[in-house]
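Asks: Take this structure, written in structure tokens, and hold onto it; I'll ask about it next.
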Amino acid sequence: MTASPLIPAEQLRLSVAPMMDWTDSHCRVFHRLLAPHARLYTEMVHANAVIHGDRTRLLAMDPVEHPVALQLGGSDPALLAKAARIGAEAGFDEINLNCGCPSDRVQAGRFGACLMREPALVADGVAAMIDACASLDRHVPVTVKCRLGVDDDHEWEHFLAFIDTIAEAGCRLFVVHARNAWLKGLSPKENREVPPLRYDWAYQLKRERPQLQVIVNGGIADATEARAHLAHVDGAMLGRAAYHDPYLLHRLDVEWFGGELRSRGDLLRAMQPYVEAQLARGGLLKHIVRHVLGLFAGQPGGRAFRQVLSEGAHKPGADWSLVERAISLTHSNKQAIENAA
């Protein structure tokens with residue numbers, strides 16, 4: 001079932017936000033098991049890194065991840081076009097340009113949130129990226145993730161003009177992190193918490209530009225909040241809530257798109273073939289299970305589950321048996337509580 005009768009199911013979008021040092025390929029494989037219909041995003045990768053860096057590592061993607069978007073950072077249209085083409089040829093289903101990251105590094109490199117001050121440059125980049133992907137034998141859309149404005153710019157007309165300029169270049173989907181980015185005086189963490197959320201701007205954008213797809217992002221903490229947005233926009237993007245409470249992602253996917261709600265243990269056990277294949281190739285368990293620590297958040301045995309994995313996954317020879325031991329603790333603790341009741 002869907003959460004809103006206003007939006008056809010085929011147009012709904014449940015997305016997991018790109019998060020630096022978090023949403024690597026291991027994380028996305030896990031999230032795909034939880035949410036078969038969600039659109040997953042890579043960490044932001046600079047166009048220069050895609051062109052000149054280790055693509056095997058930077059563009060790592062397991063086939064089960066689809067649909068997955070590559071998020072690019074950068075401002076040079078020619079470099080963005082080349083990186084977009086590389087990403088599309090590597091199999092990504094969408095190329096997303098980041099115009100919202102507020103870190104010092106992106107400011108120094110003239111990309112991220114500071115690009116909201118240069119809509120014409122962003123439009124040139126988007127147009128170049130679209131052209132670069134146009135000759136492929138499949139459609140790979142170019143999308144934009146942005147904020148409402150920068151620093152103390154709180155003018156609706158400025159925000160709408162930014163969107164319109166980019167839309168004229170061919171972009172049809174905008175992920176709107178519904179707060180300003182403060183480039184002076186706030187850390188990236190504070191930029192996710194301090195500037196006030198104004199979801200009404202995303203709603204108004206959808207009303208005034210119904211031909212565009214608008215996905216709302218920022219501060220969505222639970223299923224009730226995510227569901228409420230669907231009366232106004234085309235979808236919701238979850239970030240840290242989906243990472244710290246991954247089962248939320250599963251519940252939303254089932255509610256919005258149908259299917260059977262599976263237990264946390266069953267979902268995690270579906271990871272076993274992937275984990276064992278990674279270990280056989282020389283991978284380390286700690287790099288994979290760090291993404292699953294929140295799966296039993298708020299559940300009986302959740303703390304023991306996290307403790308076993310956190311303390312044991314880094315040890316030499318750690319394998320799937322450690323995961324099974326962690327799962328068994330949640331079952332035994334739950335049974336003890338039920339018996340005591």
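Labeling convention for the structure tokens: chains A, B, ... as they appear, residues from 1 per chain, ligands from 1 in order of appearance.
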Just asking: which residues within stretch 10-235 of chain A are helix (DSSP H, G or I) according to DSSP, as a ChimeraX atom specification?
Replies: /A:10-11,25-34,47-52,55-58,63-65,77-89,104-108,112-117,119-133,156-168,188-191,199-208,223-229
Asks: Can you tell me, as an MDAnalysis selection string, what residues are no more than 12 Å from stretch 57-68 of chain A when counting only C-alpha atoms, ignoring any on the same chain fewer than 6 positions away?
Replies: chainID A and resid 13:18 21 23:51 83:84 86:96 140:141 271 274 277:278
Asks: With only C-alpha atoms as the counted atoms, please give the residues lying no more than 12 Å from A:Gly282, apart from itself and same-chain residues fewer than 5 positions off, as a list of chain:residue names.
Replies: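 Contacts, in chain order: A:Val275, A:Glu276, A:Ala277, A:His287, A:Pro316, A:Gly317, A:Ala318, A:Asp319.
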Asks: Pull C-alpha atoms from the residues just selected and write them as a PDB file, in the first residue's frame.
Replies:
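Listed below is the output, again03.pdb:
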ATOM      1  CA  VAL A 275      29.497 -11.405   3.860  1.00  0.00           C
ATOM      2  CA  GLU A 276      31.097 -14.780   3.299  1.00  0.00           C
ATOM      3  CA  ALA A 277      31.934 -13.926  -0.299  1.00  0.00           C
ATOM      4  CA  HIS A 287      34.100  -3.107   7.486  1.00  0.00           C
ATOM      5  CA  PRO A 316      41.674 -11.776  13.232  1.00  0.00           C
ATOM      6  CA  GLY A 317      39.552 -14.546  11.783  1.00  0.00           C
ATOM      7  CA  ALA A 318      36.219 -12.948  12.671  1.00  0.00           C
ATOM      8  CA  ASP A 319      33.544 -14.533  10.489  1.00  0.00           C
TER       9      ASP A 319
END
Asks: Taking only C-alpha atoms into account, name the residue in A:Leu279, A:Val176, A:Ile163, A:Leu295 that is nearest to A:Tyr243.
Replies: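 Of the candidates, the smallest distance to A:Tyr243 is held by A:Leu295.
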Asks: What does the distance between atom CA of A:Asp200 and atom CA of A:Lys145 come to in Å, to one decimal place?
Replies: 17.0 Å
Asks: I'd like to know which residues of stretch 89-272 of chain A are strand (DSSP E or B) (by DSSP, run on the backbone); could you write them as a list of chain:residue names?
Replies: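 After running DSSP on the backbone, stretch 89-272 of chain A has strand (DSSP E or B) at A:Glu94, A:Ile95, A:Asn96, A:Leu97, A:Asn98, A:Cys99, A:Val142, A:Thr143, A:Val144, A:Lys145, A:Cys146, A:Val150, A:Leu173, A:Phe174, A:Val175, A:Val176, A:His177, A:Ala181, A:Gln213, A:Val214, A:Ile215, A:Val216, A:Asn217, A:Gly235, A:Ala236, A:Met237, A:Leu238.
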Asks: Restricting the calculation to only C-alpha atoms, which member of A:Cys99, A:Trp182, A:Pro246, A:Leu160 is positioned closest to A:Leu205?
Replies: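 Result for the nearest residue to A:Leu205: A:Leu160.
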Asks: Nearest residue to A:Trp22 out of A:Ala297, A:Leu285, A:Thr330, A:Arg290, using only C-alpha atoms?
Replies: A:Arg290
